[in-house]
$ cat structure-v3.cif   # mmCIF, C-alpha atoms and all ligand atoms
data_work
loop_
_atom_site.group_PDB
_atom_site.id
_atom_site.type_symbol
_atom_site.label_atom_id
_atom_site.label_comp_id
_atom_site.auth_asym_id
_atom_site.auth_seq_id
_atom_site.Cartn_x
_atom_site.Cartn_y
_atom_site.Cartn_z
ATOM 1 C CA MET A 1 -21.636 -1.254 -14.066
ATOM 2 C CA THR A 2 -22.203 -2.426 -10.542
ATOM 3 C CA SER A 3 -19.947 -4.858 -8.770
ATOM 4 C CA PRO A 4 -20.427 -6.685 -5.476
ATOM 5 C CA HIS A 5 -19.647 -4.623 -2.411
ATOM 6 C CA PHE A 6 -17.981 -5.376 0.882
ATOM 7 C CA ALA A 7 -20.626 -5.103 3.558
ATOM 8 C CA PRO A 8 -20.218 -1.982 5.707
ATOM 9 C CA LEU A 9 -18.247 -2.799 8.846
ATOM 10 C CA PRO A 10 -19.309 -0.187 11.397
ATOM 11 C CA ASP A 11 -17.345 -1.701 14.303
ATOM 12 C CA LEU A 12 -13.883 -3.244 13.934
ATOM 13 C CA LYS A 13 -13.657 -4.393 17.564
ATOM 14 C CA GLY A 14 -12.939 -8.113 17.587
ATOM 15 C CA LYS A 15 -12.398 -8.146 13.822
ATOM 16 C CA ARG A 16 -9.284 -9.822 12.483
ATOM 17 C CA ILE A 17 -6.735 -7.500 10.876
ATOM 18 C CA LEU A 18 -3.722 -8.656 8.821
ATOM 19 C CA LEU A 19 -0.741 -6.316 8.541
ATOM 20 C CA SER A 20 1.986 -6.351 5.922
ATOM 21 C CA ASN A 21 4.286 -3.887 4.167
ATOM 22 C CA ASP A 22 7.131 -3.599 1.678
ATOM 23 C CA ASP A 23 9.771 -1.888 3.820
ATOM 24 C CA GLY A 24 10.232 -5.075 5.873
ATOM 25 C CA ILE A 25 9.068 -6.165 9.316
ATOM 26 C CA SER A 26 11.639 -3.970 11.123
ATOM 27 C CA ALA A 27 10.741 -0.718 9.332
ATOM 28 C CA PRO A 28 9.686 2.230 11.528
ATOM 29 C CA GLY A 29 6.492 2.711 9.498
ATOM 30 C CA PHE A 30 5.441 -0.856 10.282
ATOM 31 C CA ALA A 31 5.457 -0.099 14.018
ATOM 32 C CA VAL A 32 3.171 2.852 13.204
ATOM 33 C CA LEU A 33 0.825 0.536 11.277
ATOM 34 C CA GLU A 34 0.720 -1.815 14.243
ATOM 35 C CA LYS A 35 -0.338 1.073 16.505
ATOM 36 C CA ILE A 36 -3.102 2.011 14.027
ATOM 37 C CA ALA A 37 -4.361 -1.592 13.948
ATOM 38 C CA ARG A 38 -4.235 -2.091 17.733
ATOM 39 C CA ALA A 39 -6.308 1.073 18.184
ATOM 40 C CA LEU A 40 -9.014 -0.743 16.184
ATOM 41 C CA SER A 41 -8.876 -4.390 17.294
ATOM 42 C CA ASP A 42 -6.995 -6.823 19.535
ATOM 43 C CA ASP A 43 -6.921 -9.524 16.860
ATOM 44 C CA VAL A 44 -3.931 -8.335 14.847
ATOM 45 C CA TRP A 45 -1.841 -10.690 12.686
ATOM 46 C CA ILE A 46 1.485 -9.738 11.182
ATOM 47 C CA VAL A 47 2.957 -11.390 8.081
ATOM 48 C CA ALA A 48 5.654 -9.179 6.608
ATOM 49 C CA PRO A 49 8.749 -9.480 4.403
ATOM 50 C CA VAL A 50 11.970 -10.210 6.271
ATOM 51 C CA SER A 51 13.815 -7.666 4.081
ATOM 52 C CA GLU A 52 12.974 -4.469 2.218
ATOM 53 C CA GLN A 53 10.884 -5.004 -0.924
ATOM 54 C CA SER A 54 10.204 -1.417 -2.062
ATOM 55 C CA GLY A 55 9.491 -1.304 -5.799
ATOM 56 C CA ALA A 56 8.657 -5.023 -5.810
ATOM 57 C CA GLY A 57 5.254 -4.172 -7.272
ATOM 58 C CA HIS A 58 2.867 -7.113 -7.395
ATOM 59 C CA SER A 59 5.595 -9.692 -7.947
ATOM 60 C CA LEU A 60 5.214 -13.287 -6.818
ATOM 61 C CA THR A 61 8.131 -15.506 -5.850
ATOM 62 C CA LEU A 62 8.064 -18.564 -8.093
ATOM 63 C CA HIS A 63 11.712 -19.607 -8.313
ATOM 64 C CA HIS A 64 12.677 -20.246 -4.723
ATOM 65 C CA PRO A 65 10.828 -21.701 -1.744
ATOM 66 C CA LEU A 66 8.938 -19.479 0.699
ATOM 67 C CA ARG A 67 9.612 -20.146 4.375
ATOM 68 C CA PRO A 68 7.256 -18.371 6.795
ATOM 69 C CA MET A 69 8.963 -18.007 10.192
ATOM 70 C CA LYS A 70 7.008 -17.519 13.396
ATOM 71 C CA VAL A 71 8.742 -14.714 15.294
ATOM 72 C CA GLY A 72 6.052 -14.070 17.917
ATOM 73 C CA GLU A 73 2.392 -14.529 18.752
ATOM 74 C CA LYS A 74 0.428 -14.040 15.452
ATOM 75 C CA ARG A 75 3.680 -12.636 13.992
ATOM 76 C CA TYR A 76 5.529 -14.080 10.988
ATOM 77 C CA THR A 77 8.223 -13.104 8.519
ATOM 78 C CA VAL A 78 8.356 -14.415 4.963
ATOM 79 C CA ASN A 79 11.467 -14.460 2.739
ATOM 80 C CA GLY A 80 9.488 -13.007 -0.148
ATOM 81 C CA THR A 81 7.539 -10.064 -1.518
ATOM 82 C CA PRO A 82 4.560 -8.225 -0.007
ATOM 83 C CA THR A 83 2.289 -10.200 -2.356
ATOM 84 C CA ASP A 84 3.824 -13.487 -1.145
ATOM 85 C CA CYS A 85 3.180 -12.417 2.451
ATOM 86 C CA VAL A 86 -0.523 -11.660 1.952
ATOM 87 C CA LEU A 87 -1.026 -14.791 -0.158
ATOM 88 C CA VAL A 88 0.718 -17.032 2.379
ATOM 89 C CA ALA A 89 -1.167 -15.364 5.240
ATOM 90 C CA ILE A 90 -4.667 -15.671 3.783
ATOM 91 C CA ASN A 91 -4.300 -18.997 1.961
ATOM 92 C CA HIS A 92 -2.107 -20.771 4.517
ATOM 93 C CA LEU A 93 -1.368 -19.254 7.935
ATOM 94 C CA MET A 94 -4.863 -17.811 8.479
ATOM 95 C CA ARG A 95 -6.712 -20.304 6.354
ATOM 96 C CA ASP A 96 -9.079 -21.402 9.137
ATOM 97 C CA HIS A 97 -10.076 -17.835 9.975
ATOM 98 C CA PRO A 98 -9.190 -15.299 7.270
ATOM 99 C CA PRO A 99 -8.838 -11.592 8.065
ATOM 100 C CA ASP A 100 -11.696 -9.086 7.791
ATOM 101 C CA LEU A 101 -9.243 -6.387 6.763
ATOM 102 C CA VAL A 102 -5.720 -6.111 5.330
ATOM 103 C CA LEU A 103 -3.641 -3.031 6.161
ATOM 104 C CA SER A 104 -0.330 -2.333 4.400
ATOM 105 C CA GLY A 105 2.415 0.204 5.197
ATOM 106 C CA VAL A 106 2.994 2.683 6.539
ATOM 107 C CA ASN A 107 5.394 3.083 3.609
ATOM 108 C CA MET A 108 8.364 5.404 4.019
ATOM 109 C CA GLY A 109 7.556 7.598 1.008
ATOM 110 C CA VAL A 110 4.481 8.437 -1.023
ATOM 111 C CA ASN A 111 2.593 6.142 -3.395
ATOM 112 C CA LEU A 112 0.866 8.731 -5.554
ATOM 113 C CA GLY A 113 -0.132 8.712 -9.218
ATOM 114 C CA GLU A 114 1.756 6.057 -11.185
ATOM 115 C CA ASP A 115 3.728 5.020 -8.093
ATOM 116 C CA VAL A 116 0.863 2.624 -7.373
ATOM 117 C CA HIS A 117 1.930 0.399 -10.288
ATOM 118 C CA TYR A 118 5.408 -0.185 -8.818
ATOM 119 C CA SER A 119 4.573 -0.090 -5.145
ATOM 120 C CA GLY A 120 4.910 -3.188 -2.987
ATOM 121 C CA THR A 121 2.847 -1.403 -0.327
ATOM 122 C CA VAL A 122 -0.087 -0.984 -2.700
ATOM 123 C CA ALA A 123 0.445 -4.513 -4.082
ATOM 124 C CA ALA A 124 0.015 -6.051 -0.614
ATOM 125 C CA ALA A 125 -3.379 -4.336 -0.384
ATOM 126 C CA MET A 126 -4.163 -5.333 -3.964
ATOM 127 C CA GLU A 127 -3.468 -8.968 -3.123
ATOM 128 C CA GLY A 128 -5.894 -8.678 -0.214
ATOM 129 C CA ALA A 129 -8.532 -7.258 -2.575
ATOM 130 C CA LEU A 130 -7.907 -10.039 -5.116
ATOM 131 C CA LEU A 131 -8.432 -12.589 -2.346
ATOM 132 C CA GLY A 132 -11.757 -10.978 -1.444
ATOM 133 C CA VAL A 133 -10.663 -9.061 1.658
ATOM 134 C CA ARG A 134 -11.076 -5.325 2.344
ATOM 135 C CA ALA A 135 -7.637 -3.728 2.043
ATOM 136 C CA ILE A 136 -6.085 -0.334 2.688
ATOM 137 C CA ALA A 137 -2.548 0.855 1.829
ATOM 138 C CA PHE A 138 -0.838 3.650 3.806
ATOM 139 C CA SER A 139 2.128 5.750 2.723
ATOM 140 C CA GLN A 140 3.904 8.701 4.321
ATOM 141 C CA SER A 141 5.350 11.724 2.528
ATOM 142 C CA PHE A 142 8.671 13.048 3.897
ATOM 143 C CA ASP A 143 11.705 15.043 2.862
ATOM 144 C CA ASP A 144 14.029 14.438 5.811
ATOM 145 C CA GLU A 145 14.657 10.800 6.708
ATOM 146 C CA GLU A 146 15.655 11.832 10.251
ATOM 147 C CA ASN A 147 12.423 13.721 10.806
ATOM 148 C CA ILE A 148 9.452 11.804 9.377
ATOM 149 C CA PRO A 149 6.101 13.007 10.804
ATOM 150 C CA TRP A 150 4.737 9.533 11.646
ATOM 151 C CA ASP A 151 2.462 11.074 14.307
ATOM 152 C CA THR A 152 0.033 12.146 11.536
ATOM 153 C CA ALA A 153 -0.570 8.529 10.449
ATOM 154 C CA GLU A 154 -0.756 7.322 14.047
ATOM 155 C CA LYS A 155 -3.325 9.944 14.997
ATOM 156 C CA PHE A 156 -5.564 9.932 11.895
ATOM 157 C CA GLY A 157 -5.046 6.371 10.586
ATOM 158 C CA PRO A 158 -7.569 4.624 12.874
ATOM 159 C CA GLU A 159 -10.347 7.137 12.117
ATOM 160 C CA ILE A 160 -9.791 6.842 8.355
ATOM 161 C CA VAL A 161 -9.971 3.027 8.575
ATOM 162 C CA ARG A 162 -13.153 3.259 10.661
ATOM 163 C CA LYS A 163 -14.794 5.657 8.215
ATOM 164 C CA VAL A 164 -14.039 3.718 5.020
ATOM 165 C CA CYS A 165 -14.982 0.388 6.628
ATOM 166 C CA ALA A 166 -18.268 1.809 7.924
ATOM 167 C CA ALA A 167 -19.054 3.143 4.442
ATOM 168 C CA GLY A 168 -18.060 -0.073 2.624
ATOM 169 C CA TRP A 169 -16.761 -0.181 -0.948
ATOM 170 C CA ALA A 170 -16.725 -2.366 -4.055
ATOM 171 C CA GLN A 171 -14.892 -5.679 -4.047
ATOM 172 C CA ASN A 172 -11.775 -5.723 -6.257
ATOM 173 C CA VAL A 173 -11.100 -2.171 -5.114
ATOM 174 C CA LEU A 174 -8.446 -1.203 -2.583
ATOM 175 C CA ILE A 175 -8.133 2.065 -0.703
ATOM 176 C CA ASN A 176 -4.850 3.968 -1.151
ATOM 177 C CA VAL A 177 -4.085 6.480 1.612
ATOM 178 C CA ASN A 178 -1.171 8.965 1.595
ATOM 179 C CA PHE A 179 -0.227 11.139 4.566
ATOM 180 C CA PRO A 180 1.224 14.631 3.938
ATOM 181 C CA ASN A 181 4.656 15.717 5.111
ATOM 182 C CA CYS A 182 3.435 17.594 8.173
ATOM 183 C CA ARG A 183 2.890 16.976 11.863
ATOM 184 C CA ALA A 184 -0.585 15.942 13.045
ATOM 185 C CA ALA A 185 -1.329 19.445 14.392
ATOM 186 C CA ALA A 186 -0.674 20.987 10.956
ATOM 187 C CA MET A 187 -2.646 18.408 8.943
ATOM 188 C CA LYS A 188 -5.453 20.220 7.089
ATOM 189 C CA GLY A 189 -7.979 17.410 6.602
ATOM 190 C CA VAL A 190 -8.780 14.367 4.490
ATOM 191 C CA GLN A 191 -9.608 14.574 0.768
ATOM 192 C CA LEU A 192 -10.988 11.946 -1.560
ATOM 193 C CA ALA A 193 -8.702 12.249 -4.585
ATOM 194 C CA ARG A 194 -8.097 10.660 -7.983
ATOM 195 C CA GLN A 195 -4.734 9.345 -9.175
ATOM 196 C CA GLY A 196 -2.512 12.118 -10.509
ATOM 197 C CA LYS A 197 0.717 12.023 -12.537
ATOM 198 C CA ASN A 198 3.906 11.004 -10.748
ATOM 199 C CA LYS A 199 6.088 8.940 -13.091
ATOM 200 C CA ILE A 200 9.422 7.642 -11.830
ATOM 201 C CA GLY A 201 12.308 6.573 -14.078
ATOM 202 C CA ASP A 202 13.279 9.752 -15.906
ATOM 203 C CA ASP A 203 16.198 10.297 -13.548
ATOM 204 C CA LEU A 204 18.744 7.564 -14.375
ATOM 205 C CA VAL A 205 22.075 8.083 -12.663
ATOM 206 C CA HIS A 206 25.049 6.907 -14.781
ATOM 207 C CA ARG A 207 28.164 6.000 -12.795
ATOM 208 C CA HIS A 208 31.124 3.646 -12.761
ATOM 209 C CA ASP A 209 31.652 0.987 -10.135
ATOM 210 C CA PRO A 210 35.002 0.633 -8.285
ATOM 211 C CA ARG A 211 36.172 -1.772 -11.000
ATOM 212 C CA GLY A 212 35.455 0.777 -13.737
ATOM 213 C CA ARG A 213 32.319 -0.847 -15.158
ATOM 214 C CA ALA A 214 29.425 1.445 -16.042
ATOM 215 C CA TYR A 215 26.105 1.080 -14.236
ATOM 216 C CA LEU A 216 22.719 2.821 -14.056
ATOM 217 C CA TRP A 217 20.736 3.519 -10.904
ATOM 218 C CA ILE A 218 17.058 4.587 -11.002
ATOM 219 C CA ALA A 219 16.865 7.699 -8.807
ATOM 220 C CA SER A 220 13.778 8.793 -6.899
ATOM 221 C CA ARG A 221 12.790 11.900 -8.886
ATOM 222 C CA ARG A 222 9.317 11.762 -10.430
ATOM 223 C CA LEU A 223 7.794 13.720 -13.307
ATOM 224 C CA GLY A 224 4.717 14.788 -11.427
ATOM 225 C CA ASP A 225 2.042 17.440 -11.447
ATOM 226 C CA ALA A 226 1.069 18.573 -7.975
ATOM 227 C CA SER A 227 -1.098 21.386 -9.349
ATOM 228 C CA ALA A 228 -3.796 19.278 -11.062
ATOM 229 C CA PRO A 229 -7.032 19.772 -9.094
ATOM 230 C CA GLY A 230 -8.645 16.767 -7.454
ATOM 231 C CA THR A 231 -5.494 14.629 -7.558
ATOM 232 C CA ASP A 232 -3.761 12.677 -4.809
ATOM 233 C CA LEU A 233 -0.565 14.667 -5.508
ATOM 234 C CA LYS A 234 -2.234 18.021 -4.987
ATOM 235 C CA ALA A 235 -4.029 16.910 -1.820
ATOM 236 C CA VAL A 236 -0.796 15.700 -0.198
ATOM 237 C CA ALA A 237 1.182 18.747 -1.412
ATOM 238 C CA ASP A 238 -1.487 20.988 0.145
ATOM 239 C CA GLY A 239 -1.209 19.263 3.524
ATOM 240 C CA TYR A 240 -4.229 16.927 3.263
ATOM 241 C CA VAL A 241 -4.410 13.163 3.624
ATOM 242 C CA SER A 242 -5.406 11.716 0.235
ATOM 243 C CA VAL A 243 -7.806 8.763 0.041
ATOM 244 C CA THR A 244 -8.062 7.099 -3.388
ATOM 245 C CA PRO A 245 -10.104 3.995 -4.258
ATOM 246 C CA LEU A 246 -8.112 1.966 -6.821
ATOM 247 C CA ASN A 247 -9.726 -0.575 -9.116
ATOM 248 C CA VAL A 248 -7.883 -3.859 -9.644
ATOM 249 C CA ASP A 249 -9.742 -4.264 -12.959
ATOM 250 C CA LEU A 250 -7.615 -2.173 -15.369
ATOM 251 C CA THR A 251 -10.107 -2.454 -18.236
ATOM 252 C CA HIS A 252 -10.879 0.942 -19.770
ATOM 253 C CA TYR A 253 -14.571 0.656 -20.599
ATOM 254 C CA GLU A 254 -14.754 3.770 -22.793
ATOM 255 C CA SER A 255 -12.022 2.296 -25.030
ATOM 256 C CA MET A 256 -13.901 -1.019 -25.163
ATOM 257 C CA HIS A 257 -16.730 0.944 -26.709
ATOM 258 C CA THR A 258 -14.451 2.853 -29.123
ATOM 259 C CA LEU A 259 -12.583 -0.290 -30.199
ATOM 260 C CA SER A 260 -15.740 -2.343 -30.581
ATOM 261 C CA GLN A 261 -16.229 -0.612 -33.959
ATOM 262 C CA ALA A 262 -12.861 -1.975 -35.153
ATOM 263 C CA PHE A 263 -13.788 -5.569 -34.324
ATOM 264 C CA SER A 264 -17.452 -5.608 -35.292
HETATM 265 MN MN MN A 301 8.630 0.875 0.584
#
$ encode --input "structure-v3.cif" --output "structure tokens"
Amino acid sequence: MTSPHFAPLPDLKGKRILLSNDDGISAPGFAVLEKIARALSDDVWIVAPVSEQSGAGHSLTLHHPLRPMKVGEKRYTVNGTPTDCVLVAINHLMRDHPPDLVLSGVNMGVNLGEDVHYSGTVAAAMEGALLGVRAIAFSQSFDDEENIPWDTAEKFGPEIVRKVCAAGWAQNVLINVNFPNCRAAAMKGVQLARQGKNKIGDDLVHRHDPRGRAYLWIASRRLGDASAPGTDLKAVADGYVSVTPLNVDLTHYESMHTLSQAFS
């Protein structure tokens, strides 16, 4: 099956880039994303959540009003989710001149394997793809919050964007990029990788609040497999940047064929 492709974009100079994220406009990773974008073009727009939205997935705000606030030149906050931000940016704030590219991140923490289904970072890129715009999500692996190797994303981010945009890719597909937990000098290279296994939710912490009522808190541990060859998990664990094209169309075509017998 062939689907329409984004035209290759060999030069991003003068192209319009929209930035968003899920960690909120003040997150350290967002400043890194801005550096990546400004290394590519001067026409950078920012529309990001006012507060942290990690784990928001692709949720839309339908039950309270959205109020974009201009906080600088081409710079807005929205009191909503990453999806709200990209939707409001493309269909309202930038309506007269939509972006050529949406960049999301750089998320503080990986979005590997099944993480992509819960991730607000990936959802912002997915919303861009659904609105017909090239989109790339960036996430950073780390183990020490005080010592996150953002220099890897800052150094290699622009080149990765240039390369994928020059190659072009199918519409309704977003590019998911994860940076390994190592400094730029130790980074081993870039690998195209498929989604691996990295399921969150097995680690539920049971506690009691100060008033004695029981509560649950979903902890960060994942049931993952960093040894499976060709996966995003293995690439990042081995010190490579993983690049994974993700299809917005979740249809499983092989199963369509299998099930067609049942409904013939
Ligand atoms: Mn986040």
$ resolve_selection --input "structure-v3.cif" --expression "the PyMOL selection byres (((chain A and resi 100-116) around 8) and not hetatm)" --output "ChimeraX atom specification"
/A:15-23,29-30,32-33,37,98-99,117-119,121-125,128,133-142,153,178-179,195-200,232-233
$ residues_around --input "structure-v3.cif" --residues "A:Leu40" --least-positions-apart "3" --cutoff "9 Å" --atoms "all atoms listed in the file" --output "PyMOL selection string"
chain A and resi 11-15+17+35-37+158-159+161-162
$ resolve_selection --input "structure-v3.cif" --expression "the PyMOL selection byres (((chain A and resi 244-259) around 6) and not hetatm)" --output "JSON, numbers by chain"
{"A": [172, 173, 174, 175, 176, 192, 193, 194, 243, 260, 261, 262]}
$ atom_distance --input "structure-v3.cif" --atom1 "atom CA of A:Thr61" --atom2 "atom CA of A:Val86"
12.3 Å
$ closest_residue --input "structure-v3.cif" --among "A:Tyr240, A:Tyr76, A:Trp169, A:Trp217" --to "A:Gln191" --atoms "only C-alpha atoms"
A:Tyr240
$ closest_residue --input "structure-v3.cif" --among "A:Gly224, A:Gly57, A:Pro149, A:Pro65" --to "ligand MN 301 (chain A)" --atoms "only C-alpha atoms and all ligand atoms"
A:Gly57
$ atom_distance --input "structure-v3.cif" --atom1 "atom CA of A:Lys70" --atom2 "atom CA of A:Ala48"
10.8 Å
$ closest_residue --input "structure-v3.cif" --among "A:Gly24, A:Gly157, A:Pro229, A:Gly189" --to "ligand MN 301 (chain A)" --atoms "all atoms listed in the file"
A:Gly24
$ residues_around --input "structure-v3.cif" --residues "A:Leu9" --least-positions-apart "4" --cutoff "7 Å" --atoms "all atoms listed in the file" --output "CSV table (one decimal) with C-alpha atoms, keeping the file's coordinate frame"
chain,number,residue,atom,x,y,z
A,165,CYS,CA,-15.0,0.4,6.6
A,166,ALA,CA,-18.3,1.8,7.9
A,168,GLY,CA,-18.1,-0.1,2.6
$ closest_residue --input "structure-v3.cif" --among "A:Arg95, A:Gly212, A:Asp43, A:Gly120" --to "A:Thr81" --atoms "all atoms listed in the file"
A:Gly120
$ closest_residue --input "structure-v3.cif" --among "A:Pro82, A:Phe6, A:Arg67, A:His206" --to "ligand MN 301 (chain A)" --atoms "only C-alpha atoms and all ligand atoms"
A:Pro82
$ closest_residue --input "structure-v3.cif" --among "A:Leu60, A:Val71, A:Ala31, A:Val44" --to "A:Glu154" --atoms "only C-alpha atoms"
A:Ala31
$ atom_distance --input "structure-v3.cif" --atom1 "atom CA of A:Gly80" --atom2 "atom CA of A:Gly55"
13.0 Å
$ residues_around --input "structure-v3.cif" --residues "A:Leu131" --least-positions-apart "3" --cutoff "9 Å" --atoms "only C-alpha atoms" --output "PyMOL selection string"
chain A and resi 87+90-91+126-128+172
$ residues_near_point --input "structure-v3.cif" --point "(8.1, -12.8, 9.5)" --cutoff "9 Å" --atoms "all atoms listed in the file" --output "short mmCIF file (atom, residue, chain, number, x, y, z; two decimals) with C-alpha atoms, keeping the file's coordinate frame"
data_model
loop_
_atom_site.label_atom_id
_atom_site.label_comp_id
_atom_site.auth_asym_id
_atom_site.auth_seq_id
_atom_site.Cartn_x
_atom_site.Cartn_y
_atom_site.Cartn_z
CA GLY A 24 10.23 -5.08 5.87
CA ILE A 25 9.07 -6.16 9.32
CA ILE A 46 1.48 -9.74 11.18
CA VAL A 47 2.96 -11.39 8.08
CA ALA A 48 5.65 -9.18 6.61
CA PRO A 49 8.75 -9.48 4.40
CA VAL A 50 11.97 -10.21 6.27
CA PRO A 68 7.26 -18.37 6.80
CA MET A 69 8.96 -18.01 10.19
CA LYS A 70 7.01 -17.52 13.40
CA VAL A 71 8.74 -14.71 15.29
CA GLY A 72 6.05 -14.07 17.92
CA ARG A 75 3.68 -12.64 13.99
CA TYR A 76 5.53 -14.08 10.99
CA THR A 77 8.22 -13.10 8.52
CA VAL A 78 8.36 -14.42 4.96
CA ASN A 79 11.47 -14.46 2.74
CA CYS A 85 3.18 -12.42 2.45
#
$ resolve_selection --input "structure-v3.cif" --expression "the PyMOL selection byres (((chain A and resi 188) around 8) and not hetatm)" --output "NGL selection string"
:A and (186-187 or 189-190 or 239-241)
